[in-house]
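A.B. asks: Quick one: this structure, given as structure tokens, is what I'll be asking you about.
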Amino acid sequence: MIVMKFGGTSVGVPESFAVAVRLVRDAVPRDPVVVVSALSGVTNLIAELCRAPQRRAELAERMIERHAGWARATGVPLHEAADLLDAWRHAAAAAGEREPVAGAERDRLLSFGERLAAALFAAALREV
């Protein structure tokens with residue numbers, strides 16, 4: 001077994017993402033366990049969403065567009081993360097205009113970055 005951890009730049013930049021996918025595919029004989037961070041910039045985007053109730057809807061949409069643009073650039077089908085994106089829309093809308101979002105709710109919102117990156121990375125691995 002081998003543990004492979006890829007940070008936000010490794011998965012968030014299309015060229016680096018392709019290298020990360022290749023590295024994991026090459027490591028299959030070693031039974032890899034893969035850990036991915038949120039796409040670069042996504043954690044900061046979600047943290048800002050938690051701090052800025054007046055911009056919450058705009059920032060929630062930017063999160064979706066960030067992943068849609070990334071999917072277009074990498075060729076990974078965005079529908080692979082459709083359920084998570086729907087959950088993101090619901091969670092971001094549920095945050096409403098309260099200021100600030102904190103504690104467990106903030107943590108739950110922040111988790112969407114890694115969850116979306118993991119779903120899309122797994123989809124890319126299945127695209128063989």
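Here, A, B, ... name the chains of the structure tokens in the order displayed, residue numbers run from 1 inside each chain, and ligands are numbered from 1 in the same displayed order.
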Can you tell me, as a ChimeraX atom specification, what residues are no more than 9 Å from stretch 58-71 of chain A when counting only C-alpha atoms, ignoring any on the same chain fewer than 5 positions away?
C.D. replies: /A:12-14,39,42,45-46,48-49,52,76-78,85,88-89,92-93,113,116-117,120
A.B. asks: Can you check which residues of chain A DSSP gives as helix (DSSP H, G or I) on the backbone and send them as an MDAnalysis selection string?
C.D. replies: chainID A and resid 8:12 14:26 28:30 42:51 53:74 78:94 103:126
A.B. asks: Write the selection just made, keeping C-alpha atoms, as a CSV table (one decimal), in the first residue's frame?
C.D. replies:
chain,number,residue,atom,x,y,z
A,8,GLY,CA,-4.8,22.1,-4.1
A,9,THR,CA,-2.4,23.1,-6.9
A,10,SER,CA,-1.8,19.5,-7.8
A,11,VAL,CA,-5.4,18.9,-8.4
A,12,GLY,CA,-6.6,22.4,-9.2
A,14,PRO,CA,-5.3,21.0,-15.2
A,15,GLU,CA,-1.7,20.2,-16.2
A,16,SER,CA,-0.8,19.3,-12.7
A,17,PHE,CA,-4.0,17.3,-12.3
A,18,ALA,CA,-3.1,15.2,-15.4
A,19,VAL,CA,0.3,14.4,-13.8
A,20,ALA,CA,-1.4,13.4,-10.4
A,21,VAL,CA,-3.9,11.1,-12.2
A,22,ARG,CA,-1.0,9.5,-14.1
A,23,LEU,CA,1.0,9.0,-10.9
A,24,VAL,CA,-2.0,7.3,-9.2
A,25,ARG,CA,-2.6,5.0,-12.2
A,26,ASP,CA,1.0,4.1,-12.3
A,28,VAL,CA,-2.1,0.8,-8.9
A,29,PRO,CA,0.1,-2.2,-8.4
A,30,ARG,CA,1.0,-0.7,-5.0
A,42,VAL,CA,-11.6,26.9,-3.2
A,43,THR,CA,-11.0,26.8,0.5
A,44,ASN,CA,-10.4,30.6,0.5
A,45,LEU,CA,-13.6,31.1,-1.6
A,46,ILE,CA,-15.7,29.1,0.9
A,47,ALA,CA,-14.1,30.9,3.9
A,48,GLU,CA,-15.0,34.2,2.3
A,49,LEU,CA,-18.6,32.9,1.7
A,50,CYS,CA,-18.8,32.2,5.5
A,51,ARG,CA,-17.6,35.7,6.3
A,53,PRO,CA,-23.4,37.2,4.0
A,54,GLN,CA,-24.1,40.0,1.4
A,55,ARG,CA,-22.0,38.1,-1.2
A,56,ARG,CA,-23.0,34.6,-0.3
A,57,ALA,CA,-25.1,33.9,-3.4
A,58,GLU,CA,-22.4,35.3,-5.7
A,59,LEU,CA,-19.6,33.3,-4.0
A,60,ALA,CA,-21.7,30.1,-4.0
A,61,GLU,CA,-22.1,30.4,-7.7
A,62,ARG,CA,-18.4,31.1,-8.2
A,63,MET,CA,-17.7,27.8,-6.4
A,64,ILE,CA,-19.9,26.0,-8.9
A,65,GLU,CA,-18.3,27.8,-11.8
A,66,ARG,CA,-14.8,27.1,-10.5
A,67,HIS,CA,-15.6,23.3,-10.7
A,68,ALA,CA,-17.4,23.6,-14.0
A,69,GLY,CA,-14.5,25.4,-15.6
A,70,TRP,CA,-12.1,22.9,-14.1
A,71,ALA,CA,-14.2,20.0,-15.5
A,72,ARG,CA,-14.2,21.6,-19.0
A,73,ALA,CA,-10.4,22.1,-18.9
A,74,THR,CA,-9.6,18.5,-17.7
A,78,LEU,CA,-19.1,17.5,-14.2
A,79,HIS,CA,-22.2,15.3,-13.9
A,80,GLU,CA,-19.9,13.0,-11.8
A,81,ALA,CA,-20.3,15.5,-9.0
A,82,ALA,CA,-23.9,16.6,-9.7
A,83,ASP,CA,-25.2,15.3,-6.3
A,84,LEU,CA,-22.5,17.1,-4.4
A,85,LEU,CA,-23.0,20.3,-6.3
A,86,ASP,CA,-26.8,20.1,-5.6
A,87,ALA,CA,-25.9,19.5,-1.9
A,88,TRP,CA,-23.6,22.5,-2.1
A,89,ARG,CA,-26.3,24.7,-3.5
A,90,HIS,CA,-28.7,23.7,-0.7
A,91,ALA,CA,-26.1,24.2,2.0
A,92,ALA,CA,-25.0,27.6,0.8
A,93,ALA,CA,-28.6,28.7,0.5
A,94,ALA,CA,-29.4,27.4,3.9
A,103,GLY,CA,-18.6,26.3,14.0
A,104,ALA,CA,-19.9,23.0,12.7
A,105,GLU,CA,-21.8,24.7,9.8
A,106,ARG,CA,-18.7,26.4,8.6
A,107,ASP,CA,-16.8,23.1,8.8
A,108,ARG,CA,-19.5,21.4,6.8
A,109,LEU,CA,-19.4,24.1,4.1
A,110,LEU,CA,-15.6,23.9,4.0
A,111,SER,CA,-15.8,20.1,3.5
A,112,PHE,CA,-17.4,20.6,0.1
A,113,GLY,CA,-14.0,21.6,-1.4
A,114,GLU,CA,-12.3,18.3,-0.6
A,115,ARG,CA,-15.4,16.3,-1.3
A,116,LEU,CA,-15.9,17.8,-4.7
A,117,ALA,CA,-12.2,17.4,-5.6
A,118,ALA,CA,-12.2,13.7,-4.5
A,119,ALA,CA,-15.3,13.0,-6.5
A,120,LEU,CA,-13.9,14.6,-9.6
A,121,PHE,CA,-10.5,12.9,-9.1
A,122,ALA,CA,-12.2,9.5,-8.8
A,123,ALA,CA,-14.2,10.2,-11.9
A,124,ALA,CA,-10.9,10.9,-13.8
A,125,LEU,CA,-9.4,7.7,-12.6
A,126,ARG,CA,-12.5,5.8,-13.9
A.B. asks: Please compute the atom CA of A:Lys5-atom CA of A:Gly41 distance, one decimal, in Å.
C.D. replies: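 The value is 17.4 Å.
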A.B. asks: Pick out the residues sitting within 9 Å of A:Ile2, and hand them over as a list in words; count only C-alpha atoms, and ignore anything fewer than 5 positions along from it in its own chain.
C.D. replies: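 Counting only the stated atoms, we get Ala27, Arg30, Asp31, Pro32, Val33 and Val34 of chain A.
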